[in-house]
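Q: Mind having a look at this structure? Questions to follow.
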Amino acid sequence: PGHDYELAVGFCLTDGLLAGAPVQRVRYCATGSAVDTAFNVVTVDTGGVAPEPTPRLTTTTSSCGWCGSDAIEDVAARLTPLTDPVAFDVDVLASSPQVVRGTQRLFDATGGVHAAAAIEVDGTVRLVREDIGRHNAVDKVVGRLLLDGQLPARDLALFVSGRTSFEIVQKAWAAGFSAIVAVSAPSSLAVDAAQRAGILL
């Protein structure tokens, strides 16, 4: 829990659900009492501009659900490669894990959450969010940047405290980050997606 509005908005953007529509309002449970749903339902309102999302009613598996080269084609059909991305110094990116680590209060308390952060060209940490899921932590960062009118994030790198999967690259691509840095190795599909997007990984 925490930063629920950012998580919902970031997820809607990175999964293409907004389709370019502006977010007009975010609130807990537009259909009833937030208390009744234990603050677990968030409504992102575009005033009816965004298309109706397709329900995700599929068999649950331990995989991401985005496996294979078709996933890159699906994302590339919706997103265009970055043009003129900002160059990041490799030493700045390499120091990001240590810099962000000093801001991970939930990890200090639990040892069991991930962090995502927006890193400036000089290595300054602009924004950090934590969540038990690394994808959720990224969505929280993206959502905050969107709500603050700071997307596309061309002048920022995305830091992730875990493995760089295809989904992480897809989210960074949707938000317009110029670079991604993570503490663990990327998957081959993530490398392919980053090359297709023009993102430094």
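Chain labels follow the order of the structure tokens: the first chain is A, the next B, and so on; residue numbering restarts at 1 in every chain, and ligands are counted from 1 in their shown order.
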Do a neighbour search on segment 5-17 of chain A at 6 Å with only C-alpha atoms, toss out local chain neighbours closer than 3 positions, and write the hits as number ranges by chain.

A: A: 139-140, 142-144, 171, 174

Q: Please produce a file of the residues just selected, as a tab-separated table (two decimals), in the first residue's frame, where the atoms kept are C-alpha atoms.

A:
```tsv
chain	number	residue	atom	x	y	z
A	139	ASP	CA	4.24	2.40	-12.17
A	140	LYS	CA	4.28	4.58	-9.04
A	142	VAL	CA	5.64	6.91	-13.82
A	143	GLY	CA	2.28	7.87	-12.30
A	144	ARG	CA	3.82	10.59	-10.15
A	171	LYS	CA	6.98	0.85	-18.98
A	174	ALA	CA	5.86	4.35	-22.55
```

Q: Which residues come within 9 Å of segment 35-46 of chain A, counting only C-alpha atoms, excluding same-chain residues fewer than 5 positions away, as a PyMOL selection string?

A: chain A and resi 1+4-5+8-9+12+18+21-30

Q: Just N, CA and C atoms for this one: save the residues we selected as a CSV table (one decimal), in the first residue's frame.

A:
```
chain,number,residue,atom,x,y,z
A,1,PRO,N,0.8,-1.2,0.0
A,1,PRO,CA,0.0,0.0,0.0
A,1,PRO,C,0.9,1.3,0.0
A,4,ASP,N,-1.2,4.9,-4.0
A,4,ASP,CA,-2.1,4.2,-4.8
A,4,ASP,C,-2.6,4.9,-6.0
A,5,TYR,N,-2.8,6.2,-5.9
A,5,TYR,CA,-3.2,7.0,-7.1
A,5,TYR,C,-2.1,6.9,-8.2
A,8,ALA,N,-2.0,3.5,-9.9
A,8,ALA,CA,-3.1,3.3,-10.8
A,8,ALA,C,-2.9,4.1,-12.1
A,9,VAL,N,-2.5,5.4,-12.0
A,9,VAL,CA,-2.2,6.2,-13.1
A,9,VAL,C,-1.1,5.7,-14.0
A,12,CYS,N,-2.1,2.6,-15.9
A,12,CYS,CA,-2.9,2.9,-17.0
A,12,CYS,C,-2.1,3.5,-18.2
A,18,LEU,N,-4.6,4.6,-21.4
A,18,LEU,CA,-5.1,6.0,-21.5
A,18,LEU,C,-5.2,6.4,-23.0
A,21,ALA,N,-5.2,10.0,-23.6
A,21,ALA,CA,-6.2,10.8,-22.9
A,21,ALA,C,-5.6,11.4,-21.6
A,22,PRO,N,-5.9,12.6,-21.3
A,22,PRO,CA,-5.4,13.2,-20.0
A,22,PRO,C,-6.2,12.6,-18.9
A,23,VAL,N,-5.5,12.5,-17.7
A,23,VAL,CA,-6.2,12.1,-16.5
A,23,VAL,C,-6.9,13.3,-15.9
A,24,GLN,N,-8.2,13.2,-15.7
A,24,GLN,CA,-8.9,14.4,-15.1
A,24,GLN,C,-9.1,14.3,-13.6
A,25,ARG,N,-9.2,13.0,-13.1
A,25,ARG,CA,-9.4,12.8,-11.7
A,25,ARG,C,-9.1,11.4,-11.3
A,26,VAL,N,-8.5,11.3,-10.1
A,26,VAL,CA,-8.2,10.0,-9.5
A,26,VAL,C,-8.8,9.9,-8.2
A,27,ARG,N,-9.5,8.8,-7.8
A,27,ARG,CA,-10.1,8.7,-6.5
A,27,ARG,C,-10.3,7.3,-6.1
A,28,TYR,N,-10.5,7.1,-4.9
A,28,TYR,CA,-10.8,5.7,-4.4
A,28,TYR,C,-12.2,5.4,-4.8
A,29,CYS,N,-12.5,4.2,-5.3
A,29,CYS,CA,-13.7,3.5,-5.5
A,29,CYS,C,-14.9,4.5,-5.9
A,30,ALA,N,-15.0,4.8,-7.2
A,30,ALA,CA,-16.0,5.7,-7.6
A,30,ALA,C,-17.4,5.1,-7.6
```

Q: So, counting only C-alpha atoms, which residue among A:Thr103, A:Ser161, A:Gln170, A:Ser178 is closest to Phe88 of chain A?

A: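 Residue with the minimum atom-to-atom distance to Phe88 of chain A: A:Ser178.
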
Q: Quick one: residues within 12 Å of Phe107 of chain A, only C-alpha atoms, excluding same-chain residues fewer than 4 positions away - as an mmCIF file with N, CA and C atoms, in the first residue's frame?

A:
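Result went into result.cif, see below:
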```
data_model
loop_
_atom_site.group_PDB
_atom_site.id
_atom_site.type_symbol
_atom_site.label_atom_id
_atom_site.label_comp_id
_atom_site.auth_asym_id
_atom_site.auth_seq_id
_atom_site.Cartn_x
_atom_site.Cartn_y
_atom_site.Cartn_z
ATOM 1 N N VAL A 100 20.409 5.263 -4.576
ATOM 2 C CA VAL A 100 18.999 4.975 -4.290
ATOM 3 C C VAL A 100 18.865 4.133 -3.024
ATOM 4 N N ARG A 101 19.810 3.231 -2.809
ATOM 5 C CA ARG A 101 19.742 2.353 -1.629
ATOM 6 C C ARG A 101 19.611 3.151 -0.333
ATOM 7 N N GLY A 102 20.229 4.307 -0.281
ATOM 8 C CA GLY A 102 20.147 5.146 0.912
ATOM 9 C C GLY A 102 18.785 5.765 1.148
ATOM 10 N N THR A 103 17.885 5.641 0.175
ATOM 11 C CA THR A 103 16.540 6.225 0.313
ATOM 12 C C THR A 103 15.457 5.174 0.521
ATOM 13 N N GLY A 111 13.302 -5.588 4.305
ATOM 14 C CA GLY A 111 14.190 -6.407 3.489
ATOM 15 C C GLY A 111 13.472 -7.094 2.350
ATOM 16 N N GLY A 112 12.226 -6.687 2.072
ATOM 17 C CA GLY A 112 11.441 -7.419 1.086
ATOM 18 C C GLY A 112 10.674 -6.578 0.097
ATOM 19 N N VAL A 113 11.137 -5.381 -0.217
ATOM 20 C CA VAL A 113 10.440 -4.564 -1.219
ATOM 21 C C VAL A 113 11.434 -4.057 -2.254
ATOM 22 N N HIS A 114 10.897 -3.743 -3.410
ATOM 23 C CA HIS A 114 11.697 -3.187 -4.503
ATOM 24 C C HIS A 114 11.578 -1.672 -4.521
ATOM 25 N N ALA A 115 12.522 -1.050 -5.200
ATOM 26 C CA ALA A 115 12.484 0.399 -5.403
ATOM 27 C C ALA A 115 12.604 0.687 -6.889
ATOM 28 N N ALA A 116 11.988 1.784 -7.287
ATOM 29 C CA ALA A 116 12.195 2.359 -8.615
ATOM 30 C C ALA A 116 12.463 3.838 -8.383
ATOM 31 N N ARG A 129 10.122 5.430 -5.345
ATOM 32 C CA ARG A 129 8.933 4.765 -4.844
ATOM 33 C C ARG A 129 9.288 3.306 -4.568
ATOM 34 N N GLU A 130 8.634 2.729 -3.549
ATOM 35 C CA GLU A 130 8.866 1.332 -3.189
ATOM 36 C C GLU A 130 7.559 0.544 -3.253
ATOM 37 N N ASP A 131 7.713 -0.748 -3.521
ATOM 38 C CA ASP A 131 6.555 -1.641 -3.561
ATOM 39 C C ASP A 131 7.080 -3.074 -3.512
ATOM 40 N N ILE A 132 6.245 -3.992 -3.097
ATOM 41 C CA ILE A 132 6.663 -5.391 -3.059
ATOM 42 C C ILE A 132 6.917 -5.921 -4.468
ATOM 43 N N SER A 161 15.357 -1.819 -8.754
ATOM 44 C CA SER A 161 16.146 -2.633 -7.814
ATOM 45 C C SER A 161 15.945 -4.122 -8.022
#
```

Q: If you run DSSP on this backbone, which residues of chain A come out as strand (DSSP E), and could you give them as a PyMOL selection string?

A: chain A and resi 25-28+42-45+114-120+125-131+156-160+179-182

Q: What parts of segment 66-122 of chain A does DSSP call alpha helix (DSSP H)? I'd like the answer as a tab-separated table (two decimals) with N, CA, C and O atoms, in the first residue's frame.

A:
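The resulting file, states.tsv, is shown below:
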```
chain	number	residue	atom	x	y	z
A	69	SER	N	8.40	-12.78	-29.01
A	69	SER	CA	8.68	-11.63	-29.85
A	69	SER	C	7.41	-10.89	-30.24
A	69	SER	O	7.46	-9.71	-30.60
A	70	ASP	N	6.25	-11.54	-30.19
A	70	ASP	CA	4.99	-10.85	-30.49
A	70	ASP	C	4.77	-9.70	-29.54
A	70	ASP	O	4.16	-8.69	-29.90
A	71	ALA	N	5.25	-9.83	-28.30
A	71	ALA	CA	5.08	-8.77	-27.31
A	71	ALA	C	5.74	-7.49	-27.77
A	71	ALA	O	5.17	-6.40	-27.64
A	72	ILE	N	6.95	-7.59	-28.31
A	72	ILE	CA	7.64	-6.39	-28.79
A	72	ILE	C	6.86	-5.77	-29.94
A	72	ILE	O	6.71	-4.55	-30.00
A	73	GLU	N	6.34	-6.59	-30.83
A	73	GLU	CA	5.58	-6.06	-31.96
A	73	GLU	C	4.32	-5.34	-31.48
A	73	GLU	O	3.96	-4.29	-32.01
A	74	ASP	N	3.66	-5.91	-30.47
A	74	ASP	CA	2.45	-5.27	-29.93
A	74	ASP	C	2.77	-3.91	-29.33
A	74	ASP	O	2.05	-2.93	-29.55
A	75	VAL	N	3.86	-3.83	-28.58
A	75	VAL	CA	4.24	-2.57	-27.95
A	75	VAL	C	4.73	-1.57	-29.00
A	75	VAL	O	4.39	-0.39	-28.96
A	76	ALA	N	5.50	-2.05	-29.97
A	76	ALA	CA	6.02	-1.17	-31.03
A	76	ALA	C	4.90	-0.60	-31.89
A	76	ALA	O	5.05	0.49	-32.46
A	77	ALA	N	3.79	-1.30	-31.97
A	77	ALA	CA	2.65	-0.78	-32.72
A	77	ALA	C	2.01	0.41	-32.02
A	77	ALA	O	1.37	1.25	-32.64
A	78	ARG	N	2.22	0.51	-30.71
A	78	ARG	CA	1.61	1.58	-29.92
A	78	ARG	C	2.60	2.68	-29.56
A	78	ARG	O	2.21	3.83	-29.33
A	90	VAL	N	28.03	6.60	-17.97
A	90	VAL	CA	27.95	5.25	-17.43
A	90	VAL	C	28.29	5.24	-15.93
A	90	VAL	O	27.69	4.50	-15.15
A	91	ASP	N	29.22	6.09	-15.50
A	91	ASP	CA	29.58	6.15	-14.07
A	91	ASP	C	28.40	6.64	-13.23
A	91	ASP	O	28.21	6.18	-12.10
A	92	VAL	N	27.63	7.58	-13.76
A	92	VAL	CA	26.44	8.07	-13.05
A	92	VAL	C	25.44	6.93	-12.89
A	92	VAL	O	24.90	6.71	-11.81
A	93	LEU	N	25.21	6.20	-13.98
A	93	LEU	CA	24.26	5.08	-13.91
A	93	LEU	C	24.76	4.00	-12.96
A	93	LEU	O	23.99	3.45	-12.18
A	94	ALA	N	26.06	3.71	-13.01
A	94	ALA	CA	26.62	2.66	-12.16
A	94	ALA	C	26.53	3.01	-10.68
A	94	ALA	O	26.45	2.13	-9.83
A	95	SER	N	26.52	4.29	-10.34
A	95	SER	CA	26.42	4.70	-8.94
A	95	SER	C	24.98	4.77	-8.44
A	95	SER	O	24.74	4.89	-7.23
A	96	SER	N	24.02	4.67	-9.35
A	96	SER	CA	22.61	4.81	-8.97
A	96	SER	C	22.14	3.81	-7.92
A	96	SER	O	21.44	4.19	-6.97
A	97	PRO	N	22.50	2.52	-8.01
A	97	PRO	CA	22.03	1.59	-6.98
A	97	PRO	C	22.43	1.99	-5.57
A	97	PRO	O	21.62	1.92	-4.65
A	98	GLN	N	23.65	2.44	-5.41
A	98	GLN	CA	24.12	2.84	-4.08
A	98	GLN	C	23.42	4.11	-3.61
A	98	GLN	O	23.04	4.23	-2.45
A	99	VAL	N	23.22	5.05	-4.52
A	99	VAL	CA	22.56	6.31	-4.15
A	99	VAL	C	21.11	6.05	-3.76
A	99	VAL	O	20.62	6.54	-2.74
A	100	VAL	N	20.41	5.26	-4.58
A	100	VAL	CA	19.00	4.98	-4.29
A	100	VAL	C	18.87	4.13	-3.02
A	100	VAL	O	17.94	4.33	-2.23
A	101	ARG	N	19.81	3.23	-2.81
A	101	ARG	CA	19.74	2.35	-1.63
A	101	ARG	C	19.61	3.15	-0.33
A	101	ARG	O	18.91	2.74	0.59
A	105	ARG	N	13.54	3.31	2.61
A	105	ARG	CA	13.11	3.15	4.00
A	105	ARG	C	12.32	1.86	4.23
A	105	ARG	O	12.50	1.19	5.24
A	106	LEU	N	11.44	1.52	3.30
A	106	LEU	CA	10.67	0.29	3.46
A	106	LEU	C	11.56	-0.94	3.38
A	106	LEU	O	11.38	-1.91	4.10
A	107	PHE	N	12.55	-0.90	2.48
A	107	PHE	CA	13.48	-2.02	2.39
A	107	PHE	C	14.28	-2.15	3.68
A	107	PHE	O	14.50	-3.25	4.16
A	108	ASP	N	14.67	-1.01	4.25
A	108	ASP	CA	15.39	-1.05	5.53
A	108	ASP	C	14.56	-1.73	6.61
A	108	ASP	O	15.09	-2.48	7.43
A	109	ALA	N	13.26	-1.48	6.58
A	109	ALA	CA	12.38	-2.03	7.62
A	109	ALA	C	12.00	-3.48	7.37
A	109	ALA	O	11.76	-4.23	8.32
A	110	THR	N	11.95	-3.89	6.08
A	110	THR	CA	11.42	-5.21	5.77
A	110	THR	C	12.39	-6.14	5.07
A	110	THR	O	12.26	-7.36	5.18
```

Q: Using only C-alpha atoms, find the one residue out of A:Ala190, A:Leu200, A:Ile119, A:Leu145 that sits nearest to Arg163 of chain A.

A: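 Using only C-alpha atoms, Arg163 of chain A sits closest to A:Ala190.
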
Q: Interatomic distance between atom CA of Leu158 of chain A and atom CA of Ala197 of chain A?

A: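 Distance reported for this atom pair: 14.1 Å.
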